[in-house]
Amino acid sequence: MLAYIIRRVFQSIVVLLVVGLVAFAMFRFVGDPIEQLLGQERTVQDVERLREALGLNDPFPVQYFDFLVRAVQGDFGISYRQSRPVAEIILERAPATLELALVSGLLALVVGIALGVFTAIRRDGWAANAIMSASLIGVSLPTFLIGILLIYVFGVQLRWLPTFGRGDVVDLGWWTTGFLTPSGLKSLILPSITLGLFQMTLIMRLVRSEMLEVLRQDYIRFARARGLSAKSVNFRHALKNTMVPVITVTGLQLGAIIAFAIITETVFQWPGVGLLFINAVQFVDIPVMAAYLMLISVMFVLINLIVDILYVWVDPRLRIDGRH
Amino acid sequence: MRPILTAALVAAALPAGAAELRFASTTDPNTLDPNAGNSAPVFSLLGNVYEGLVRRGRDMSIEPALATSWEPIGDGEGWRFNLREGVTFHGGQSFDADDVIFSYERASSEQSDTSSWFAPVSEVIKVDDYTVDIMTSAPNPIFPDSIANWMMMDAGWAAENGAERPNIEQGNYATTNTNGTGPYMITERQPGLRTVLEAYDGWWGEDRGNVERAIFQPVQNSATAVAALLSGELDLIEPVPVQDANRVESAEGVDVLRGIEARVIMLGFPHDAEGLIAGGEGNPFTDPRVRQAVAQAINVPAILQTVMRGSAEPVAQLMGAGMRGYTQGLERPAYDQEAARALLAEAGYPDGFRFSLKCPNDRYLNDEAVCTAINAMLAQVGLEPVLETMPVANYWPTLRADDHDMYLLGWSPGTFDAEHPIRFLLATPDEEARLGSWNFGGYSNPRIDELLPMIQSEIDDTARQAMLDEVAQIQLDDVAYVPLYVQPLIWGVKEGIEVVQRPDNFLVLRWIEMG
Amino acid sequence: MPDLTDSSRAPGATPAPQPSRWKVAWDSDIAYSFRRSPVAVIAAFVTLLLVLAAIFAPLVATTNPFDPSSLNLMNGFSRPGVPNEFTGETFFLGTDDQGRDVYSTILYGLRISLFVGVMAVMFAMVLGVTLGLIAGYVGGWIDSLIMRVADVQLTFPSILVALLIFGIARGIIPIEHRDQMAIWVLIVAIGLSDWVQFARVVRGATLVEKNKEYVQAARLIGRKPGAIMMRHILPNVLSPVLVIATISLALAIIAEATLSFLGVGAPPTQPSLGTLIRIGQDFLFSGEWWILFFPACTLLALALSVNLLGDWLRDALNPRLR
């Protein structure tokens with residue numbers, strides 16, 4: 001077991017290194033940062049000087065190696081666009097994304113489980129079927145369109161909710177939160193629905209199929225036969241047993257929510273790392289792109305690592321496999 | 001644990017009559033250092049904070065700012081500026097000739113993005129505490145026009161904070177902090193998110209409205225910004241997408257402000273290419289008749305009517321009306337498909353030919369839609385354009401790598417003078433002489449190259465205008481570019497706000513009066 | 001195929017070897033389940049209708065919006081069913097900003113969207129299934145390598161993958177072929193972001209299948225690994241692959257729209273449904289609702305039907321839920 005974990009950790013580090021290498025190899029295809037940094041009246045000399053100062057004349061493996069040496073020390077370089085340390089910018093933006101992801105995740109989990117249980121219990125009822133079909137509408141339209149339609153209806157037509165941004169935030173020194181002000185909470189509603197819709201549908205479907213599976217197991221039938229109430233059977237026994245896969249999938253999806261908040265943040269001008277990344281692509285801000293990709297990689301690698309270790313721990317067959 | 005509330009949450013009460021303005025634009029200025037960025041978003045914001053020796057008035061004319069007057073020295077050896085006395089920076093330091101010298105050294109240093117403004121300058125001399133001579137290597141009649149965005153910084157403040165020189169690549173204190181003499185101070189700066197400006201009580205000037213505090217937020221997606229304006233979350237947005245202008249106009253509580261920007265949108269040709277990148281033999285665009293055919297094939301009025309919703313003005317030169325040196329009476333070649341086909345046949349291409357048409361899709365107003373329309377119009381006279389659109393991050397490198405045939409370009413003259421587009425777009429490219437640096441097609445005309453230095457040093461306005469007119473006529477006859485239209489300026493404002501809109505698209509807070 | 005053995009598709013269930021004819025039973029089961037589900041029937045009908053409309057677009061469309069020389073810009077923004085104020089022409093679903101007939105443009109756009117979607121899923125499927133089979137069957141360091149590559153793949157947002165491939169393609173593809181380049185770039189970009197889930201599912205199923213008696217028996221009689229993978233394991237992991245493929249198709253069509261929103265979609269001269277939606281959303285506030293509404297409805301109908309089919313397929317192929 002320990003050997004397995006050590007090997008996986010080693011592999012994970014290799015993955016991170018490869019991500020970095022691939023990232024640096026591709027940056028030159030994204031565009032030329034100099035074009036965005038200097039104004040239209042620049043001279044060839046300005047361009048050359050800046051190119052040299054930014055190390056853009058070095059071959060990409062050299063740029064990558066420099067990046068690695070500094071990144072290990074926690075220094076992700078200076079943003080081309082903002083002329084500030086990237087680490088500082090990301091720390092500033094991370095709370096917005098994490099809070100949005102948290103609310104979206106919770107929303108998806110709570111609503112998804114509730115609807116999942118309902119549709120499983122009323123398997124053939126018309127309401128359950130309607131929910132099942134309707135839930136697919138949310139995943140049959142692009143996220144950006146859902147966001148824009150929500151803004152149009154609730155922001156512009158009804159004027160109930162803010163159309164962009166995070167509202168007022170409270171600064172706790174190391175964290176800024178929108179949870180403590182009314183405008184901050186209101187601002188969270190539309191983006192978190194937009195972002196969480198996909199995961200909600202996913203969890204609902206998962207809970208439903210797991211519930212259906214569990215409900216036909218012998219012990220549930222036995223519990224029913226013993227005369228336990230439907231409520232008790234459904235919730236105490238059946239739902240409890242569906243939770244392991246649901247939690248696993250939610251964990252995996254949390255990574256996806258953070259990584260793919262890019263679109264939602266762009267539509268709602270949500271000041272998180274996703275918007276930062278889109279801006280970085282637009283302005284060819286290589287240090288920001290590199291740091292963002294590394295962070296996302298670390299997150300995915302960690303989540304995958306944990307899930308794989310859990311699987312090995314739970315399923316002995318895979319453990320034997322691992323030794324072959 | 002009780003959270004610590006910031007100023008953002010508990011807004012300090014404003015004095016009576018004073019107002020707060022919440023405004024948004026698509027781009028956040030990438031720096032607060034007036035020498036580390038040379039772009040409209042930077043100067044628009046900083047123009048409220050820093051001041052130059054001269055500034056532009058409501059009608060774009062040059063007027064006194066930190067210099068009260070100026071006059072040419074001798075026979076065009078330079079310019080003498082008499083400085084305003086009793087001006088203090090936001091930090092309390094007083095402004096004098098040493099600050100001008102320092103600001104010159106800083107703005108013209110090799111680390112600066114504004115150094116090209118000072119290419120004609122040979123020396124800056126302090127005559128006394130409130131008089132400065134700026135010497136030029138050749139007579140330079142438009143020098144005062146070219147330094148309206150040259151902003152004065154305090155020498156002591158810069159030295160104390162280690163910001164004696166701009167630092168584009170690493171940033172320094174001046175990247176996120178300001179100390180100007182202007183009517184507003186920046187009191188909060190979160191790059192990319194939010195910038196707060198507050199009125200500076202010690203400002204020397206008189207002419208100011210009632211905006212006490214202004215909060216700027218970049219909102220990239222214009223539709224989002226329109227939504228925020230309509231729902232009352234913002235007081236002023238720039239730009240309103242052309243298609244939304246009517247909707248915003250008819251909505252309650254908001255108004256639209258229309259104007260004409262200094263930016264001309266044009267099509268460029270591959271003048272100096274051996275062949276076309278889209279294949280085929282030779283380069284048909286070297287034949288002026290082919291270029292003329294392109295010009296006549298494009299139905300500019302139709303583009304303006306539909307894609308631009310009647311918000312833009314057609315143009316026949318590389319600069320819009322209202323700029324200095326504008327040539328009167330030029331007419332665009334008329335839209336005429338028959339004439340275009342005839343010209344192509346005459347030039348030996350009755351069946352057209354295949355070429356690439358490159359366009360950005362996130363740089364100019366509706367750029368992609370305009371190019372799609374042009375693509376169709378060129379196809380209708382028998383040409384075979386291959387349209388490729390891309391984000392601007394890829395667009396400039398593509399043009400610089402000569403990976404283009406025809407291309408779309410927008411040009412806003414930084415000096416608001418006709419000499420500017422000649423220097424950057426029409427002069428034969430020459431890195432050493434810093435000429436033709438945006439002349440991607442390598443257009444070259446000896447007469448224009450000959451006229452340019454004469455225009456630059458001609459003091460007599462009539463003689464200068466005659467030369468500018470000649471260049472404009474050559475460009476039109478030779479179809480070096482196909483100028484299409486002047487980009488419109490469309491701002492959305494809450495009702496009851498009086499704003500001045502200038503062709504440079506700067507937002508001048510001190511002219512805003514909120515009802 | 002006498003040596004094909006049925007096994008329950010449930011991972012972990014004990015294989016119950018049965019004689020052949022499994023295909024016949026499989027077919028009839030599916031058919032029965034299909035007939036029993038009105039949702040599936042309707043979804044299949046809508047999908048079929050849209051696919052046919054796309055294939056025969058040149059026949060059913062009233063104009064060819066991809067032919068630039070046929071467009072008249074002055075027709076732009078015609079309201080549905082109302083004669084244009086300049087040209088007097090009438091379009092029953094209106095026109096877009098370029099004067100393209102929305103109805104015809106949807107049909108042609110549907111072609112592009114379906115083509116991109118189907119090709120991207122095929123690409124992802126072939127890549128994912130191959131790598132998944134190899135990873136699961138061969139195991140060892142090859143398995144680790146493939147799965148770590150998958151981790152790397154998951155890290156990169158598809159927008160960046162698209163930008164990268166655009167950049168490389170622009171560098172290596174001669175201009176003559178660049179009209180079509182954008183479409184293939186989209187296919188590769190979407191396919192690349194999608195293969196991982198195929199690989200993971202196939203690998204998981206392969207791990208389970210390969211320890212089963214019939215596979216071990218095949219190995220004992222000396223069949224080559226390639227043959228075992230193709231002929232024994234692959235058929236048994238096909239049903240989850242089919243389900244993923246269906247749902248991926250819907251996702252791929254939507255992903256194309258999203259990439260278009262971010263500025264790297266199909267070219268504006270040959271708009272896909274996604275490009276049309278991106279163009280149309282610019283006109284949501286200005287009142288030209290039809291430019292967004294009709295393409296969005298078409299996309300919704302397509303993605304929803306495909307999703308519903310995938311949903312039904314998943315239930316139908318899962319014997320535990322019968």
# chains A, B, ... in the order shown; residues from 1 in each chain; ligands from 1

call {"tool": "interface_residues", "arguments": {"of": "chain B", "to": "chain A", "cutoff": "7 Å", "atoms": "only C-alpha atoms", "output": "MDAnalysis selection string"}}
result
chainID B and resid 3:6 8:9 30:31 37:39 113 116 168:171 191 193 219 221 224 227:228 230:231 393:394 396:397 431 434

call {"tool": "residues_around", "arguments": {"residues": "A:Val249", "least_positions_apart": "3", "cutoff": "10 Å", "atoms": "only C-alpha atoms", "output": "list of chain:residue names"}}
result
A:Gln199, A:Leu202, A:Ile203, A:Leu206, A:Met243, A:Val244, A:Pro245, A:Val246, A:Leu252, A:Gln253, A:Leu254, A:Val307

call {"tool": "residues_around", "arguments": {"residues": "C:Trp195", "least_positions_apart": "5", "cutoff": "7 Å", "atoms": "only C-alpha atoms", "output": "MDAnalysis selection string"}}
result
chainID C and resid 124:125 127:128

call {"tool": "interface_residues", "arguments": {"of": "chain B", "to": "chain C", "cutoff": "6 Å", "atoms": "only C-alpha atoms", "output": "list in words"}}
result
Gln243, Asp244, Arg247, Ala278, Ala376, Ala379 and Gln380 of chain B

call {"tool": "write_last_selection", "arguments": {"atoms": "N, CA and C atoms", "output": "PDB file, in the first residue's frame"}}
result
ATOM      1  N   GLN B 243     -25.401  47.916 -31.843  1.00  0.00           N
ATOM      2  CA  GLN B 243     -26.744  47.379 -32.022  1.00  0.00           C
ATOM      3  C   GLN B 243     -27.642  47.648 -30.811  1.00  0.00           C
ATOM      4  N   ASP B 244     -27.018  47.913 -29.645  1.00  0.00           N
ATOM      5  CA  ASP B 244     -27.822  48.132 -28.444  1.00  0.00           C
ATOM      6  C   ASP B 244     -28.140  49.603 -28.210  1.00  0.00           C
ATOM      7  N   ARG B 247     -31.838  50.567 -28.229  1.00  0.00           N
ATOM      8  CA  ARG B 247     -32.527  49.986 -27.090  1.00  0.00           C
ATOM      9  C   ARG B 247     -32.225  50.799 -25.823  1.00  0.00           C
ATOM     10  N   ALA B 278      -2.193  33.137 -50.402  1.00  0.00           N
ATOM     11  CA  ALA B 278      -3.263  32.205 -50.746  1.00  0.00           C
ATOM     12  C   ALA B 278      -2.968  31.487 -52.059  1.00  0.00           C
ATOM     13  N   ALA B 376     -18.199  39.141 -48.440  1.00  0.00           N
ATOM     14  CA  ALA B 376     -19.293  38.884 -49.383  1.00  0.00           C
ATOM     15  C   ALA B 376     -19.241  39.866 -50.551  1.00  0.00           C
ATOM     16  N   ALA B 379     -16.586  38.977 -52.960  1.00  0.00           N
ATOM     17  CA  ALA B 379     -16.977  37.786 -53.717  1.00  0.00           C
ATOM     18  C   ALA B 379     -17.956  38.160 -54.819  1.00  0.00           C
ATOM     19  N   GLN B 380     -18.777  39.179 -54.563  1.00  0.00           N
ATOM     20  CA  GLN B 380     -19.795  39.543 -55.543  1.00  0.00           C
ATOM     21  C   GLN B 380     -19.224  40.162 -56.811  1.00  0.00           C
TER      22      GLN B 380
END

call {"tool": "residues_around", "arguments": {"residues": "stretch 185-190 of chain C", "least_positions_apart": "3", "cutoff": "7 Å", "atoms": "only C-alpha atoms", "output": "JSON, numbers by chain"}}
result
{"C": [116, 119, 120, 158, 161, 162, 165, 166, 181, 182, 193, 194, 252, 265]}

call {"tool": "write_last_selection", "arguments": {"atoms": "N, CA and C atoms", "output": "compact mmCIF listing (two decimals), in the first residue's frame"}}
result
# COMPACT_ATOMS: atom_id res chain seq x y z
N VAL C 116 -18.94 18.51 -36.80
CA VAL C 116 -17.92 18.71 -35.76
C VAL C 116 -18.19 17.78 -34.59
N MET C 119 -17.59 13.97 -35.60
CA MET C 119 -16.18 13.69 -35.82
C MET C 119 -15.38 13.80 -34.52
N ALA C 120 -15.71 14.80 -33.71
CA ALA C 120 -14.97 14.97 -32.45
C ALA C 120 -15.20 13.76 -31.55
N SER C 158 -10.28 23.43 -22.54
CA SER C 158 -10.37 23.17 -23.99
C SER C 158 -10.09 24.43 -24.80
N VAL C 161 -6.45 24.41 -25.44
CA VAL C 161 -6.13 23.37 -26.42
C VAL C 161 -6.50 23.89 -27.81
N ALA C 162 -7.65 24.53 -27.92
CA ALA C 162 -8.09 25.04 -29.22
C ALA C 162 -7.14 26.11 -29.73
N ILE C 165 -3.92 24.48 -30.92
CA ILE C 165 -4.02 23.77 -32.19
C ILE C 165 -4.21 24.76 -33.33
N PHE C 166 -4.95 25.83 -33.07
CA PHE C 166 -5.09 26.88 -34.09
C PHE C 166 -3.72 27.43 -34.46
N MET C 181 -9.72 24.68 -42.31
CA MET C 181 -8.88 24.39 -41.15
C MET C 181 -9.65 24.53 -39.83
N ALA C 182 -10.39 25.63 -39.70
CA ALA C 182 -11.02 25.93 -38.42
C ALA C 182 -11.90 24.77 -37.96
N SER C 193 -10.22 17.02 -25.66
CA SER C 193 -10.68 17.25 -24.30
C SER C 193 -11.60 16.14 -23.84
N ASP C 194 -11.95 15.25 -24.74
CA ASP C 194 -13.04 14.32 -24.45
C ASP C 194 -12.62 12.86 -24.33
N ALA C 252 -20.33 17.75 -27.15
CA ALA C 252 -19.40 18.26 -28.16
C ALA C 252 -20.05 19.37 -28.97
N GLY C 265 -14.20 29.73 -32.70
CA GLY C 265 -15.13 28.76 -33.26
C GLY C 265 -15.04 28.64 -34.77
